[in-house]
$ cat work08.pdb   # PDB, C-alpha atoms, pLDDT in the B column
MODEL        1
ATOM      1  CA  MET A   1      58.762-102.892  16.897  1.00 71.00           C
ATOM      2  CA  THR A   2      57.402-102.647  13.367  1.00 81.00           C
ATOM      3  CA  LEU A   3      57.816 -99.384  11.472  1.00 90.00           C
ATOM      4  CA  TYR A   4      55.010 -98.289   9.163  1.00 93.00           C
ATOM      5  CA  GLN A   5      54.978 -95.898   6.259  1.00 92.00           C
ATOM      6  CA  PRO A   6      53.393 -92.541   7.287  1.00 94.00           C
ATOM      7  CA  MET A   7      50.579 -92.823   4.730  1.00 94.00           C
ATOM      8  CA  PHE A   8      49.620 -96.236   6.107  1.00 95.00           C
ATOM      9  CA  LEU A   9      49.543 -94.773   9.605  1.00 96.00           C
ATOM     10  CA  ALA A  10      47.150 -92.068   8.349  1.00 96.00           C
ATOM     11  CA  TYR A  11      45.009 -94.750   6.680  1.00 96.00           C
ATOM     12  CA  ALA A  12      44.732 -96.729   9.904  1.00 97.00           C
ATOM     13  CA  GLU A  13      44.092 -93.606  11.986  1.00 97.00           C
ATOM     14  CA  GLU A  14      41.327 -92.423   9.644  1.00 96.00           C
ATOM     15  CA  HIS A  15      39.628 -95.775  10.195  1.00 97.00           C
ATOM     16  CA  GLY A  16      40.093 -95.591  13.978  1.00 98.00           C
ATOM     17  CA  MET A  17      42.476 -98.537  14.123  1.00 97.00           C
ATOM     18  CA  THR A  18      46.076 -99.286  14.947  1.00 96.00           C
ATOM     19  CA  PRO A  19      48.234-100.340  11.981  1.00 95.00           C
ATOM     20  CA  GLU A  20      48.105-103.939  13.177  1.00 94.00           C
ATOM     21  CA  GLU A  21      44.303-103.834  13.479  1.00 96.00           C
ATOM     22  CA  MET A  22      44.044-102.281  10.034  1.00 95.00           C
ATOM     23  CA  LEU A  23      46.157-105.044   8.501  1.00 93.00           C
ATOM     24  CA  GLU A  24      43.989-107.695  10.136  1.00 93.00           C
ATOM     25  CA  HIS A  25      40.814-105.932   9.002  1.00 95.00           C
ATOM     26  CA  ASP A  26      42.014-105.655   5.404  1.00 95.00           C
ATOM     27  CA  LYS A  27      43.221-109.258   5.450  1.00 93.00           C
ATOM     28  CA  ARG A  28      39.622-110.318   6.162  1.00 93.00           C
ATOM     29  CA  GLU A  29      37.947-107.685   3.960  1.00 93.00           C
ATOM     30  CA  TYR A  30      40.138-108.087   0.861  1.00 92.00           C
ATOM     31  CA  ASN A  31      40.795-111.809   0.633  1.00 84.00           C
ATOM     32  CA  GLY A  32      43.934-112.328  -1.436  1.00 80.00           C
ATOM     33  CA  GLY A  33      44.749-108.619  -1.654  1.00 83.00           C
ATOM     34  CA  ILE A  34      45.651-107.424   1.829  1.00 84.00           C
ATOM     35  CA  MET A  35      46.811-103.987   0.617  1.00 91.00           C
ATOM     36  CA  CYS A  36      43.812-103.412  -1.671  1.00 93.00           C
ATOM     37  CA  GLY A  37      41.972-101.197   0.831  1.00 94.00           C
ATOM     38  CA  TYR A  38      45.065 -99.081   1.385  1.00 95.00           C
ATOM     39  CA  ILE A  39      45.710 -98.712  -2.349  1.00 93.00           C
ATOM     40  CA  LEU A  40      42.104 -97.660  -2.965  1.00 93.00           C
ATOM     41  CA  TRP A  41      42.298 -95.172  -0.071  1.00 95.00           C
ATOM     42  CA  VAL A  42      45.543 -93.600  -1.372  1.00 94.00           C
ATOM     43  CA  SER A  43      44.167 -93.429  -4.914  1.00 91.00           C
ATOM     44  CA  ASN A  44      41.074 -91.615  -3.645  1.00 93.00           C
ATOM     45  CA  LYS A  45      43.178 -89.139  -1.641  1.00 92.00           C
ATOM     46  CA  VAL A  46      45.373 -88.380  -4.673  1.00 86.00           C
ATOM     47  CA  SER A  47      42.340 -87.964  -6.927  1.00 86.00           C
ATOM     48  CA  THR A  48      40.685 -85.612  -4.435  1.00 89.00           C
ATOM     49  CA  PHE A  49      43.868 -83.550  -4.160  1.00 85.00           C
ATOM     50  CA  TRP A  50      44.221 -83.145  -7.932  1.00 80.00           C
ATOM     51  CA  LYS A  51      40.582 -82.128  -8.309  1.00 84.00           C
ATOM     52  CA  LYS A  52      41.151 -79.384  -5.718  1.00 86.00           C
ATOM     53  CA  HIS A  53      44.568 -78.383  -7.095  1.00 80.00           C
ATOM     54  CA  PRO A  54      44.524 -78.897 -10.886  1.00 75.00           C
ATOM     55  CA  ASP A  55      47.674 -76.812 -11.379  1.00 74.00           C
ATOM     56  CA  ALA A  56      49.769 -79.022  -9.096  1.00 72.00           C
ATOM     57  CA  LEU A  57      52.486 -81.191 -10.589  1.00 66.00           C
ATOM     58  CA  TYR A  58      51.035 -84.053 -12.569  1.00 59.00           C
ATOM     59  CA  TYR A  59      53.400 -86.658 -11.157  1.00 58.00           C
ATOM     60  CA  SER A  60      52.790 -89.701 -13.378  1.00 58.00           C
ATOM     61  CA  TYR A  61      49.340 -88.627 -14.604  1.00 56.00           C
ATOM     62  CA  THR A  62      48.503 -86.457 -17.565  1.00 57.00           C
ATOM     63  CA  ARG A  63      45.700 -83.994 -18.209  1.00 56.00           C
ATOM     64  CA  ARG A  64      43.699 -86.607 -20.148  1.00 56.00           C
ATOM     65  CA  ASP A  65      43.556 -88.765 -16.972  1.00 52.00           C
ATOM     66  CA  LYS A  66      41.395 -86.211 -15.133  1.00 53.00           C
TER      67      LYS A  66
ENDMDL
END
$ encode --input "work08.pdb" --output "structure tokens"
Amino acid sequence: MTLYQPMFLAYAEEHGMTPEEMLEHDKREYNGGIMCGYILWVSNKVSTFWKKHPDALYYSYTRRDK
């Protein structure tokens, strides 16, 4: 049994796929960068969160990155 990171499970679920299906999909979609789709998805989620919650901790970003 393969264990997956919870954020990857959410990524696959949002796309209506199992983690294994999502990996296969991204392998075809992002030739040479199998995790590219996941990284773009996470980046979008983080960006959306910070736009809704500007006073949240900045983590590794700064105000000028908004």
$ resolve_selection --input "work08.pdb" --expression "the PyMOL selection byres ((chain A and resi 9-11) around 10)" --output "MDAnalysis selection string"
chainID A and resid 3:8 12:20 22 37:39 41:42
$ atom_distance --input "work08.pdb" --atom1 "CA of Asp55 (chain A)" --atom2 "CA of Cys36 (chain A)"
28.6 Å
$ axis_aligned_box --input "work08.pdb" --around "region 13-16 of chain A" --padding-each-side "6 Å" --output "JSON"
{"center_x": 41.9, "center_y": -94.1, "center_z": 11.8, "size_x": 16.5, "size_y": 15.4, "size_z": 16.3}
$ atom_distance --input "work08.pdb" --atom1 "CA of Arg28 (chain A)" --atom2 "CA of Ser43 (chain A)"
20.7 Å
$ atom_distance --input "work08.pdb" --atom1 "CA of Lys27 (chain A)" --atom2 "CA of Thr48 (chain A)"
25.8 Å
$ build_atoms --input "work08.pdb" --residues "region 15-45 of chain A" --atoms "N, CA and C atoms" --output "PDB file, keeping the file's coordinate frame"
ATOM      1  N   HIS A  15      40.598 -94.713   9.956  1.00 97.00           N
ATOM      2  CA  HIS A  15      39.628 -95.775  10.195  1.00 97.00           C
ATOM      3  C   HIS A  15      39.512 -96.131  11.686  1.00 97.00           C
ATOM      4  N   GLY A  16      40.196 -95.382  12.538  1.00 98.00           N
ATOM      5  CA  GLY A  16      40.093 -95.591  13.978  1.00 98.00           C
ATOM      6  C   GLY A  16      40.740 -96.873  14.463  1.00 98.00           C
ATOM      7  N   MET A  17      41.798 -97.298  13.763  1.00 97.00           N
ATOM      8  CA  MET A  17      42.476 -98.537  14.123  1.00 97.00           C
ATOM      9  C   MET A  17      43.976 -98.331  14.255  1.00 97.00           C
ATOM     10  N   THR A  18      44.613 -99.259  14.944  1.00 96.00           N
ATOM     11  CA  THR A  18      46.076 -99.286  14.947  1.00 96.00           C
ATOM     12  C   THR A  18      46.510 -99.896  13.610  1.00 96.00           C
ATOM     13  N   PRO A  19      47.773 -99.720  13.225  1.00 95.00           N
ATOM     14  CA  PRO A  19      48.234-100.340  11.981  1.00 95.00           C
ATOM     15  C   PRO A  19      48.034-101.859  11.971  1.00 95.00           C
ATOM     16  N   GLU A  20      48.272-102.490  13.094  1.00 94.00           N
ATOM     17  CA  GLU A  20      48.105-103.939  13.177  1.00 94.00           C
ATOM     18  C   GLU A  20      46.639-104.337  13.001  1.00 94.00           C
ATOM     19  N   GLU A  21      45.735-103.572  13.632  1.00 96.00           N
ATOM     20  CA  GLU A  21      44.303-103.834  13.479  1.00 96.00           C
ATOM     21  C   GLU A  21      43.856-103.619  12.035  1.00 96.00           C
ATOM     22  N   MET A  22      44.408-102.581  11.411  1.00 95.00           N
ATOM     23  CA  MET A  22      44.044-102.281  10.034  1.00 95.00           C
ATOM     24  C   MET A  22      44.480-103.409   9.107  1.00 95.00           C
ATOM     25  N   LEU A  23      45.678-103.924   9.312  1.00 93.00           N
ATOM     26  CA  LEU A  23      46.157-105.044   8.501  1.00 93.00           C
ATOM     27  C   LEU A  23      45.254-106.264   8.662  1.00 93.00           C
ATOM     28  N   GLU A  24      44.877-106.555   9.891  1.00 93.00           N
ATOM     29  CA  GLU A  24      43.989-107.695  10.136  1.00 93.00           C
ATOM     30  C   GLU A  24      42.618-107.479   9.496  1.00 93.00           C
ATOM     31  N   HIS A  25      42.103-106.265   9.620  1.00 95.00           N
ATOM     32  CA  HIS A  25      40.814-105.932   9.002  1.00 95.00           C
ATOM     33  C   HIS A  25      40.873-106.132   7.493  1.00 95.00           C
ATOM     34  N   ASP A  26      41.899-105.567   6.857  1.00 95.00           N
ATOM     35  CA  ASP A  26      42.014-105.655   5.404  1.00 95.00           C
ATOM     36  C   ASP A  26      42.294-107.083   4.941  1.00 95.00           C
ATOM     37  N   LYS A  27      42.966-107.853   5.781  1.00 93.00           N
ATOM     38  CA  LYS A  27      43.221-109.258   5.450  1.00 93.00           C
ATOM     39  C   LYS A  27      41.893-110.015   5.333  1.00 93.00           C
ATOM     40  N   ARG A  28      40.945-109.687   6.207  1.00 93.00           N
ATOM     41  CA  ARG A  28      39.622-110.318   6.162  1.00 93.00           C
ATOM     42  C   ARG A  28      38.759-109.717   5.045  1.00 93.00           C
ATOM     43  N   GLU A  29      38.810-108.397   4.913  1.00 93.00           N
ATOM     44  CA  GLU A  29      37.947-107.685   3.960  1.00 93.00           C
ATOM     45  C   GLU A  29      38.349-107.923   2.504  1.00 93.00           C
ATOM     46  N   TYR A  30      39.634-107.966   2.228  1.00 92.00           N
ATOM     47  CA  TYR A  30      40.138-108.087   0.861  1.00 92.00           C
ATOM     48  C   TYR A  30      40.906-109.397   0.720  1.00 92.00           C
ATOM     49  N   ASN A  31      40.195-110.483   0.716  1.00 84.00           N
ATOM     50  CA  ASN A  31      40.795-111.809   0.633  1.00 84.00           C
ATOM     51  C   ASN A  31      41.709-111.912  -0.593  1.00 84.00           C
ATOM     52  N   GLY A  32      42.979-112.192  -0.347  1.00 80.00           N
ATOM     53  CA  GLY A  32      43.934-112.328  -1.436  1.00 80.00           C
ATOM     54  C   GLY A  32      44.594-111.028  -1.855  1.00 80.00           C
ATOM     55  N   GLY A  33      44.178-109.920  -1.298  1.00 83.00           N
ATOM     56  CA  GLY A  33      44.749-108.619  -1.654  1.00 83.00           C
ATOM     57  C   GLY A  33      44.824-107.717  -0.445  1.00 83.00           C
ATOM     58  N   ILE A  34      45.627-108.098   0.532  1.00 84.00           N
ATOM     59  CA  ILE A  34      45.651-107.424   1.829  1.00 84.00           C
ATOM     60  C   ILE A  34      45.864-105.907   1.735  1.00 84.00           C
ATOM     61  N   MET A  35      46.567-105.428   0.718  1.00 91.00           N
ATOM     62  CA  MET A  35      46.811-103.987   0.617  1.00 91.00           C
ATOM     63  C   MET A  35      45.798-103.285  -0.285  1.00 91.00           C
ATOM     64  N   CYS A  36      44.799-103.991  -0.759  1.00 93.00           N
ATOM     65  CA  CYS A  36      43.812-103.412  -1.671  1.00 93.00           C
ATOM     66  C   CYS A  36      43.108-102.199  -1.052  1.00 93.00           C
ATOM     67  N   GLY A  37      42.654-102.314   0.173  1.00 94.00           N
ATOM     68  CA  GLY A  37      41.972-101.197   0.831  1.00 94.00           C
ATOM     69  C   GLY A  37      42.855 -99.973   0.931  1.00 94.00           C
ATOM     70  N   TYR A  38      44.107-100.183   1.277  1.00 95.00           N
ATOM     71  CA  TYR A  38      45.065 -99.081   1.385  1.00 95.00           C
ATOM     72  C   TYR A  38      45.297 -98.431   0.023  1.00 95.00           C
ATOM     73  N   ILE A  39      45.467 -99.235  -1.002  1.00 93.00           N
ATOM     74  CA  ILE A  39      45.710 -98.712  -2.349  1.00 93.00           C
ATOM     75  C   ILE A  39      44.510 -97.906  -2.834  1.00 93.00           C
ATOM     76  N   LEU A  40      43.314 -98.397  -2.597  1.00 93.00           N
ATOM     77  CA  LEU A  40      42.104 -97.660  -2.965  1.00 93.00           C
ATOM     78  C   LEU A  40      42.006 -96.344  -2.195  1.00 93.00           C
ATOM     79  N   TRP A  41      42.345 -96.369  -0.912  1.00 95.00           N
ATOM     80  CA  TRP A  41      42.298 -95.172  -0.071  1.00 95.00           C
ATOM     81  C   TRP A  41      43.280 -94.121  -0.581  1.00 95.00           C
ATOM     82  N   VAL A  42      44.526 -94.534  -0.866  1.00 94.00           N
ATOM     83  CA  VAL A  42      45.543 -93.600  -1.372  1.00 94.00           C
ATOM     84  C   VAL A  42      45.110 -93.034  -2.717  1.00 94.00           C
ATOM     85  N   SER A  43      44.612 -93.879  -3.600  1.00 91.00           N
ATOM     86  CA  SER A  43      44.167 -93.429  -4.914  1.00 91.00           C
ATOM     87  C   SER A  43      43.073 -92.373  -4.788  1.00 91.00           C
ATOM     88  N   ASN A  44      42.144 -92.584  -3.875  1.00 93.00           N
ATOM     89  CA  ASN A  44      41.074 -91.615  -3.645  1.00 93.00           C
ATOM     90  C   ASN A  44      41.625 -90.291  -3.112  1.00 93.00           C
ATOM     91  N   LYS A  45      42.581 -90.361  -2.196  1.00 92.00           N
ATOM     92  CA  LYS A  45      43.178 -89.139  -1.641  1.00 92.00           C
ATOM     93  C   LYS A  45      43.902 -88.347  -2.728  1.00 92.00           C
TER      94      LYS A  45
END
